[in-house]
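Have a look at work.txt; it's compact mmCIF, C-alpha atoms:
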# COMPACT_ATOMS: atom_id res chain seq x y z
CA MET W 1 -33.92 16.02 22.14
CA LYS W 2 -31.94 17.52 25.00
CA GLY W 3 -33.32 20.11 27.38
CA ILE W 4 -33.76 21.25 30.99
CA GLN W 5 -37.05 19.64 32.01
CA LEU W 6 -38.49 20.00 35.50
CA LYS W 7 -40.72 17.40 37.11
CA GLU W 8 -40.29 19.01 40.52
CA TYR W 9 -38.83 22.25 41.84
CA VAL W 10 -35.16 22.50 42.76
CA LYS W 11 -33.53 24.27 45.71
CA SER W 12 -30.89 25.82 43.49
CA PRO W 13 -30.17 26.10 39.75
CA ALA W 14 -27.12 23.97 40.50
CA ASP W 15 -29.51 21.04 40.90
CA LEU W 16 -30.82 21.29 37.34
CA LYS W 17 -30.14 18.27 35.14
CA VAL W 18 -30.24 17.73 31.38
CA THR W 19 -32.81 15.31 30.03
CA THR W 20 -31.47 13.71 26.85
CA ASP W 21 -34.54 11.86 25.57
CA LEU W 22 -37.23 14.52 25.51
CA PRO W 23 -39.94 14.07 22.86
CA GLU W 24 -39.58 16.29 19.84
CA PRO W 25 -41.92 19.29 19.93
CA LYS W 26 -44.85 18.91 17.55
CA ALA W 27 -45.66 21.96 15.47
CA GLY W 28 -49.32 22.32 14.58
CA PRO W 29 -50.56 23.83 11.30
CA ASP W 30 -50.34 27.36 12.77
CA ASP W 31 -47.01 26.90 14.58
CA LEU W 32 -43.36 27.57 13.89
CA LEU W 33 -40.80 24.88 14.63
CA ILE W 34 -37.49 26.50 15.60
CA GLU W 35 -34.03 25.08 16.15
CA ILE W 36 -32.59 26.99 19.11
CA HIS W 37 -29.02 28.18 18.76
CA ALA W 38 -28.75 30.40 21.84
CA ALA W 39 -30.87 31.11 24.93
CA GLY W 40 -30.85 34.12 27.23
CA THR W 41 -30.96 33.80 31.01
CA ASN W 42 -33.12 35.87 33.35
CA PHE W 43 -33.44 36.23 37.12
CA PHE W 44 -37.00 35.02 36.91
CA ASP W 45 -35.73 31.74 35.43
CA ILE W 46 -34.01 31.13 38.77
CA LEU W 47 -37.19 31.92 40.69
CA GLN W 48 -39.27 29.75 38.38
CA VAL W 49 -37.18 26.60 38.74
CA GLN W 50 -37.42 27.07 42.51
CA GLY W 51 -41.20 27.49 42.38
CA LYS W 52 -41.03 31.11 43.53
CA TYR W 53 -42.19 33.00 40.44
CA GLN W 54 -45.66 34.48 39.98
CA THR W 55 -46.41 32.23 37.01
CA GLN W 56 -45.52 28.53 37.20
CA PRO W 57 -46.24 26.06 34.38
CA PRO W 58 -47.73 22.66 35.24
CA PHE W 59 -45.22 19.82 35.53
CA PRO W 60 -43.42 18.63 33.53
CA TRP W 61 -42.09 21.75 31.82
CA ILE W 62 -38.93 22.97 30.12
CA ALA W 63 -37.17 25.98 31.61
CA GLY W 64 -36.01 29.10 29.79
CA ALA W 65 -37.92 31.92 28.15
CA GLU W 66 -35.73 33.73 25.59
CA TYR W 67 -34.11 32.24 22.50
CA ALA W 68 -32.71 32.83 19.04
CA GLY W 69 -32.49 30.26 16.29
CA VAL W 70 -33.47 29.10 12.83
CA VAL W 71 -36.94 28.29 11.53
CA LEU W 72 -37.26 24.62 10.57
CA GLN W 73 -40.94 24.62 9.64
CA ALA W 74 -43.53 27.35 9.10
CA PRO W 75 -47.22 27.62 8.09
CA SER W 76 -47.79 28.21 4.41
CA ASP W 77 -49.14 31.72 5.03
CA SER W 78 -46.41 32.74 7.52
CA GLN W 79 -44.09 35.71 7.07
CA PHE W 80 -41.31 33.25 7.93
CA LYS W 81 -39.87 30.35 5.98
CA ALA W 82 -37.47 27.52 6.74
CA GLY W 83 -33.97 28.90 7.21
CA ASP W 84 -34.98 32.30 8.57
CA LYS W 85 -33.04 33.52 11.60
CA VAL W 86 -35.39 34.61 14.38
CA PHE W 87 -35.61 35.44 18.07
CA GLY W 88 -38.50 35.24 20.47
CA GLY W 89 -39.83 34.41 23.90
CA ALA W 90 -41.69 31.31 25.01
CA GLN W 91 -41.55 28.74 27.79
CA GLY W 92 -39.03 26.06 26.86
CA ALA W 93 -35.98 27.94 25.60
CA TYR W 94 -33.44 25.69 27.36
CA ALA W 95 -33.84 22.95 24.79
CA GLU W 96 -32.66 22.14 21.29
CA ARG W 97 -35.97 22.85 19.55
CA ILE W 98 -39.23 24.60 20.31
CA ALA W 99 -42.67 24.89 18.69
CA VAL W 100 -44.41 28.24 19.11
CA PRO W 101 -47.61 29.79 17.72
CA ASP W 102 -47.00 31.89 14.62
CA VAL W 103 -48.61 34.95 16.15
CA PRO W 104 -47.42 38.48 15.25
CA GLY W 105 -45.00 39.77 17.85
CA THR W 106 -44.22 36.33 19.30
CA VAL W 107 -41.30 35.69 16.95
CA LEU W 108 -39.25 38.38 15.20
CA PRO W 109 -36.49 38.39 12.57
CA ILE W 110 -33.00 38.84 13.96
CA PRO W 111 -31.84 42.41 13.23
CA GLU W 112 -29.22 42.81 10.55
CA GLY W 113 -25.72 42.42 11.94
CA TRP W 114 -26.85 40.69 15.15
CA THR W 115 -25.70 37.20 16.12
CA PHE W 116 -27.80 34.50 17.77
CA ALA W 117 -26.02 35.26 21.06
CA GLY W 118 -26.84 38.94 20.84
CA ALA W 119 -30.43 38.48 19.74
CA CYS W 120 -31.41 35.75 22.21
CA GLY W 121 -31.51 38.27 25.05
CA LEU W 122 -33.63 40.89 23.31
CA PHE W 123 -37.18 39.64 23.65
CA ILE W 124 -37.76 40.52 27.32
CA THR W 125 -35.07 42.99 28.33
CA ALA W 126 -35.28 45.42 25.40
CA PRO W 127 -39.07 45.94 25.33
CA THR W 128 -39.18 46.12 29.13
CA ALA W 129 -36.75 49.02 29.08
CA TYR W 130 -38.50 50.68 26.13
CA LEU W 131 -41.96 50.41 27.68
CA ALA W 132 -40.57 51.77 30.94
CA LEU W 133 -38.74 54.78 29.55
CA VAL W 134 -40.93 55.66 26.57
CA GLY W 135 -44.38 54.37 27.47
CA ARG W 136 -44.49 54.74 31.24
CA GLY W 137 -41.70 57.17 32.09
CA LYS W 138 -42.24 59.54 29.13
CA VAL W 139 -38.53 60.41 29.05
CA GLN W 140 -37.79 63.63 27.19
CA ALA W 141 -34.56 64.86 25.66
CA GLY W 142 -32.53 66.79 28.22
CA GLU W 143 -33.93 64.98 31.25
CA ILE W 144 -31.78 63.15 33.77
CA VAL W 145 -32.33 59.38 34.06
CA LEU W 146 -30.86 57.35 36.92
CA VAL W 147 -30.48 53.65 36.09
CA HIS W 148 -29.93 51.26 38.99
CA ALA W 149 -28.09 47.96 38.38
CA ALA W 150 -27.03 49.54 35.13
CA ALA W 151 -24.67 46.74 34.11
CA GLY W 152 -27.37 44.05 34.11
CA GLY W 153 -29.37 43.00 31.07
CA VAL W 154 -32.35 45.30 31.61
CA GLY W 155 -30.01 47.97 32.99
CA LEU W 156 -27.80 48.19 29.91
CA ALA W 157 -30.89 48.19 27.70
CA ALA W 158 -32.17 51.17 29.69
CA VAL W 159 -28.85 53.03 29.50
CA GLN W 160 -28.79 52.72 25.72
CA ILE W 161 -32.45 53.61 25.20
CA ALA W 162 -32.26 56.63 27.53
CA LYS W 163 -29.24 57.92 25.62
CA ALA W 164 -31.05 57.38 22.32
CA LEU W 165 -33.89 59.51 23.70
CA GLY W 166 -31.47 62.33 24.44
CA ALA W 167 -31.30 61.97 28.22
CA THR W 168 -28.33 62.38 30.53
CA VAL W 169 -27.75 59.02 32.20
CA ILE W 170 -26.44 58.39 35.71
CA ALA W 171 -25.69 54.69 36.21
CA THR W 172 -25.26 52.85 39.51
CA ALA W 173 -23.58 49.49 39.97
CA GLY W 174 -21.70 47.65 42.71
CA THR W 175 -18.21 47.11 41.28
CA GLN W 176 -15.66 49.09 39.32
CA GLU W 177 -15.89 46.62 36.42
CA LYS W 178 -19.64 47.08 36.18
CA LEU W 179 -19.30 50.86 36.32
CA GLU W 180 -16.85 50.68 33.42
CA ILE W 181 -19.30 48.48 31.49
CA ALA W 182 -22.10 51.02 32.03
CA LYS W 183 -19.80 53.79 30.86
CA ARG W 184 -18.86 51.76 27.77
CA PHE W 185 -22.52 51.47 26.81
CA GLY W 186 -23.18 55.18 27.11
CA ALA W 187 -23.69 56.27 30.73
CA ASP W 188 -22.61 59.88 31.29
CA HIS W 189 -21.89 59.44 35.00
CA VAL W 190 -21.31 56.31 37.07
CA ILE W 191 -21.68 55.84 40.84
CA ASN W 192 -20.98 52.83 43.03
CA TYR W 193 -24.10 52.28 45.13
CA ARG W 194 -21.90 50.63 47.77
CA ASP W 195 -20.38 54.05 48.52
CA LYS W 196 -21.90 55.40 51.71
CA ASP W 197 -22.34 58.79 50.07
CA TRP W 198 -23.81 57.60 46.75
CA ILE W 199 -27.00 59.59 47.39
CA ASP W 200 -24.97 62.75 47.99
CA GLN W 201 -23.06 62.08 44.76
CA VAL W 202 -26.34 61.95 42.83
CA LYS W 203 -27.57 65.11 44.50
CA THR W 204 -24.38 66.92 43.54
CA LEU W 205 -24.68 65.84 39.90
CA THR W 206 -28.34 66.92 39.71
CA ALA W 207 -28.29 70.02 41.92
CA ASP W 208 -29.20 72.36 39.06
CA ASN W 209 -32.04 70.23 37.67
CA GLY W 210 -35.38 71.96 38.23
CA PRO W 211 -36.59 73.69 41.39
CA ASN W 212 -35.15 71.14 43.83
CA GLY W 213 -32.56 69.19 41.84
CA GLY W 214 -32.73 65.42 41.51
CA CYS W 215 -33.39 62.90 38.73
CA ASP W 216 -36.38 63.24 36.43
CA VAL W 217 -36.69 59.48 35.94
CA ILE W 218 -35.34 56.63 38.06
CA TYR W 219 -35.28 53.12 36.60
CA ASP W 220 -35.27 50.49 39.34
CA PRO W 221 -34.97 46.75 38.61
CA VAL W 222 -33.54 46.07 42.08
CA GLY W 223 -35.90 47.37 44.76
CA MET W 224 -34.35 50.71 45.77
CA VAL W 225 -37.45 52.89 45.81
CA ASP W 226 -37.04 54.19 49.36
CA GLN W 227 -33.50 55.42 48.70
CA SER W 228 -34.44 56.67 45.24
CA LEU W 229 -37.08 58.93 46.75
CA LYS W 230 -34.20 60.94 48.22
CA VAL W 231 -32.87 61.80 44.76
CA VAL W 232 -36.00 62.02 42.60
CA ALA W 233 -36.83 65.44 41.17
CA TRP W 234 -40.02 67.39 41.74
CA ASN W 235 -42.64 65.78 39.46
CA GLY W 236 -40.19 62.93 38.83
CA ARG W 237 -41.05 59.34 37.95
CA ILE W 238 -39.74 56.21 39.65
CA LEU W 239 -40.15 53.15 37.44
CA ILE W 240 -40.56 49.78 39.18
CA ILE W 241 -39.04 47.13 36.91
CA GLY W 242 -38.44 44.31 39.37
CA PHE W 243 -36.93 43.17 42.64
CA ALA W 244 -33.59 41.58 41.77
CA GLY W 245 -32.35 42.55 45.22
CA GLY W 246 -34.65 39.88 46.63
CA LYS W 247 -36.79 42.15 48.80
CA ILE W 248 -40.12 43.79 48.07
CA GLU W 249 -40.09 47.16 49.77
CA LYS W 250 -42.62 48.88 51.94
CA VAL W 251 -42.38 52.62 51.41
CA ALA W 252 -43.77 55.51 53.45
CA MET W 253 -45.93 57.15 50.81
CA ASN W 254 -45.67 60.63 52.34
CA LYS W 255 -42.23 60.69 50.73
CA ALA W 256 -43.83 60.51 47.29
CA LEU W 257 -46.23 63.30 48.26
CA LEU W 258 -43.39 65.55 49.40
CA LYS W 259 -41.67 65.19 46.01
CA GLN W 260 -44.95 65.20 44.04
CA CYS W 261 -43.50 62.23 42.19
CA SER W 262 -45.02 59.20 40.52
CA ILE W 263 -44.15 55.60 41.37
CA VAL W 264 -44.97 53.62 38.26
CA GLY W 265 -45.08 49.87 37.74
CA VAL W 266 -43.75 48.34 34.53
CA PHE W 267 -44.76 44.80 33.48
CA TRP W 268 -43.95 44.17 29.83
CA GLY W 269 -45.44 40.69 29.68
CA GLY W 270 -48.68 41.78 31.30
CA ASN W 271 -48.87 44.88 29.12
CA ALA W 272 -48.35 42.85 25.96
CA MET W 273 -51.23 40.55 26.95
CA ARG W 274 -53.63 43.33 27.94
CA MET W 275 -52.57 45.98 25.40
CA PRO W 276 -51.46 43.95 22.36
CA HIS W 277 -51.98 46.92 20.05
CA GLU W 278 -48.98 48.59 21.72
CA VAL W 279 -46.54 45.76 20.95
CA PRO W 280 -45.78 46.63 17.28
CA GLY W 281 -44.97 50.23 18.18
CA VAL W 282 -42.53 49.13 20.86
CA TRP W 283 -40.68 46.84 18.45
CA ASP W 284 -40.75 49.44 15.67
CA GLY W 285 -39.07 51.89 18.03
CA LEU W 286 -36.50 49.37 19.20
CA LEU W 287 -35.63 48.11 15.73
CA GLU W 288 -35.15 51.67 14.53
CA MET W 289 -32.70 52.28 17.40
CA MET W 290 -30.89 49.07 16.45
CA ARG W 291 -30.68 50.17 12.82
CA LYS W 292 -29.11 53.42 14.02
CA LYS W 293 -26.64 51.43 16.18
CA GLN W 294 -28.07 53.13 19.28
CA ILE W 295 -28.72 49.71 20.83
CA LYS W 296 -25.92 47.16 20.70
CA PRO W 297 -25.64 43.58 21.99
CA THR W 298 -24.70 43.24 25.66
CA ILE W 299 -23.30 39.70 25.83
CA PHE W 300 -21.40 38.77 29.00
CA ASN W 301 -17.79 37.90 28.20
CA LYS W 302 -18.31 34.19 28.88
CA VAL W 303 -20.81 32.32 26.71
CA TYR W 304 -21.87 29.06 28.37
CA ASN W 305 -21.37 26.12 26.06
CA GLY W 306 -24.19 23.63 25.45
CA VAL W 307 -27.49 22.81 27.17
CA GLU W 308 -25.40 21.08 29.85
CA SER W 309 -24.03 24.47 30.95
CA THR W 310 -27.44 25.97 31.75
CA ALA W 311 -27.14 25.33 35.49
CA GLU W 312 -23.70 26.96 35.54
CA ALA W 313 -25.01 29.97 33.61
CA LEU W 314 -27.92 30.49 36.01
CA MET W 315 -25.63 30.13 39.02
CA ALA W 316 -23.32 32.76 37.54
CA LEU W 317 -26.28 35.07 36.93
CA GLY W 318 -27.50 34.59 40.49
CA SER W 319 -24.06 35.32 41.92
CA ARG W 320 -24.27 38.96 40.73
CA GLY W 321 -20.82 38.53 39.27
CA THR W 322 -21.95 38.90 35.65
CA TRP W 323 -22.94 41.85 33.52
CA GLY W 324 -25.19 42.28 30.50
CA LYS W 325 -26.88 39.20 29.16
CA VAL W 326 -25.66 35.78 30.24
CA VAL W 327 -26.08 33.48 27.23
CA VAL W 328 -26.27 29.71 26.86
CA ASP W 329 -24.96 28.49 23.51
CA ILE W 330 -27.47 25.68 23.03
CA LYS W 331 -25.71 24.41 19.90
CA GLY W 332 -22.42 24.10 21.76
CA THR W 333 -20.31 26.06 19.29
CA SER W 334 -18.58 27.73 22.27
CA ALA W 335 -17.35 30.86 20.51
CA LYS W 336 -19.29 34.12 20.18
CA ALA W 337 -18.14 34.52 16.59
CA GLN W 338 -19.92 31.31 15.65
CA LEU W 339 -23.14 32.37 17.31

Using structure tokens, write down the structure from this file.
Amino acid sequence: MKGIQLKEYVKSPADLKVTTDLPEPKAGPDDLLIEIHAAGTNFFDILQVQGKYQTQPPFPWIAGAEYAGVVLQAPSDSQFKAGDKVFGGAQGAYAERIAVPDVPGTVLPIPEGWTFAGACGLFITAPTAYLALVGRGKVQAGEIVLVHAAAGGVGLAAVQIAKALGATVIATAGTQEKLEIAKRFGADHVINYRDKDWIDQVKTLTADNGPNGGCDVIYDPVGMVDQSLKVVAWNGRILIIGFAGGKIEKVAMNKALLKQCSIVGVFWGGNAMRMPHEVPGVWDGLLEMMRKKQIKPTIFNKVYNGVESTAEALMALGSRGTWGKVVVDIKGTSAKAQL
């Protein structure tokens, strides 16, 4: 079996190599054996292969955390059977096959009309955005939601979910192409955060919102809390999704007091472990939005072909030159239509 196995950390994803003689995963009596067709990439994959992520598996381990594929083997009492198309999340997605526990919520059926390429990026990005906006941010119809890095995987998920909830969405991104992508997926207003006056632009758009103007909810996967405090509404909520900008901020908390706003952490993986009873409701809500076509696939316009292209895909993701979900076609079919 081929896969991206690490026996030591690498300085850069460019240093990742394919191992061609990995042992086949062994599925126990309560496990699913899945043939992976496509794998999604995430910023934390880059951190993990460098040894910089908060959770690091013991060596040796296979990289990758999101996948979509076909069930090869299932327990006799499973909801799945051989041939079912599924997606899920587990360590080891950058490989040709994977064995995972057949636990509710760990593996899900691919939504009708979705390809492997579209579904492989759902398992982390979509529930993260849903938990943030619905569970933690309590977004209501008519509110204004500002989404930073709106053209990224978690950003585009947030844009679509906020629109489905009836919010007005302001999207920020760093290039004209990414602003157009955010607009294509539903953003009402787009602003380039590289503009020196981007904060003034947000204030102008939100001047009539509430007693002091501003955004009701700000979704931040980058690390822009300090600047966001300048445009958050009275009683607003700033949602901390991650730190893709590479810096963990230190914020003067009197700024939160002066806006009477909440700064709220969002950790989907941790929440799913500690509050497992919430997981089915999140997926029920997401799948309903997908059925209504309110959430659509966000596949970057280049699909990376074969396990051998994983390093290239992660380098592209890390370059900030991509949008949506960067996908590795593990099967090597090379065309989105075949995925």

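By only C-alpha atoms, and with residues fewer than 5 positions from segment 106-112 of chain W along its chain excluded, the set lying at most 6 Å from it is Lys85, Val86, Phe87 and Gly88 of chain W.
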
* Which of W:Ala82, W:Val103, W:Ala74, W:Ala244 sits closest to Val154 of chain W [using all atoms listed in the file] ->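 Of W:Ala82, W:Val103, W:Ala74, W:Ala244, the one nearest Val154 of chain W is W:Ala244, counting all atoms listed in the file.
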
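Reported to one decimal place, the separation of atom CA of Leu122 of chain W from atom CA of Thr20 of chain W is 27.5 Å.
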
* To do: Provide the atom CA of Gly306 of chain W to atom CA of Val71 of chain W distance in Å, to one decimal place.
  =>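 So the answer is 19.4 Å.
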
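Minimum distance to Met275 of chain W across W:Gly135, W:Pro297, W:Gly214, W:Gly155 (counting all atoms listed in the file) occurs at W:Gly135.
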
* **Point-to-point distance in Å for atom CA of Gly152 of chain W and atom CA of Pro57 of chain W** =>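 Distance reported for this atom pair: 26.1 Å.
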
* **Nearest to Ala129 of chain W by atom-to-atom distance, counting all atoms listed in the file, from W:Pro58, W:Ile240, W:Val225, W:Gly270** => W:Ile240

* Top pick for closest residue to Val279 of chain W, considering W:Leu131, W:Ala141, W:Val190, W:Met315 and counting all atoms listed in the file ->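 Result for the nearest residue to Val279 of chain W: W:Leu131.
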
* Find the residue from W:Ala95, W:Leu32, W:Ile4, W:Val282 that sits nearest to Leu133 of chain W; use only C-alpha atoms when measuring. =>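 Among the listed residues, the smallest separation from Leu133 of chain W belongs to W:Val282.
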
* To do: Determine, counting all atoms listed in the file, which protein, DNA and RNA residues have an atom within 10 Å of an atom of Ile46 of chain W; residues of the same chain fewer than 4 positions away are not included. Present the result as a list of chain:residue names.
  =>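 The neighbour list is W:Val10, W:Lys11, W:Ser12, W:Pro13, W:Thr41, W:Asn42, W:Gln50, W:Gly51, W:Lys52, W:Tyr53, W:Ala63, W:Gly64, W:Ala311, W:Leu314, W:Met315, W:Leu317, W:Gly318.
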
* Out of W:Asp30, W:Gln56, W:Gly89, W:Leu146, which residue has the shortest atom-to-atom distance to Asp102 of chain W when counting all atoms listed in the file? -> W:Asp30

* Shell of 12 Å around Cys261 of chain W, only C-alpha atoms, local chain residues under 2 positions omitted, as a PyMOL selection string -> chain W and resi 137+214-218+225+228-239+253-259+263-264
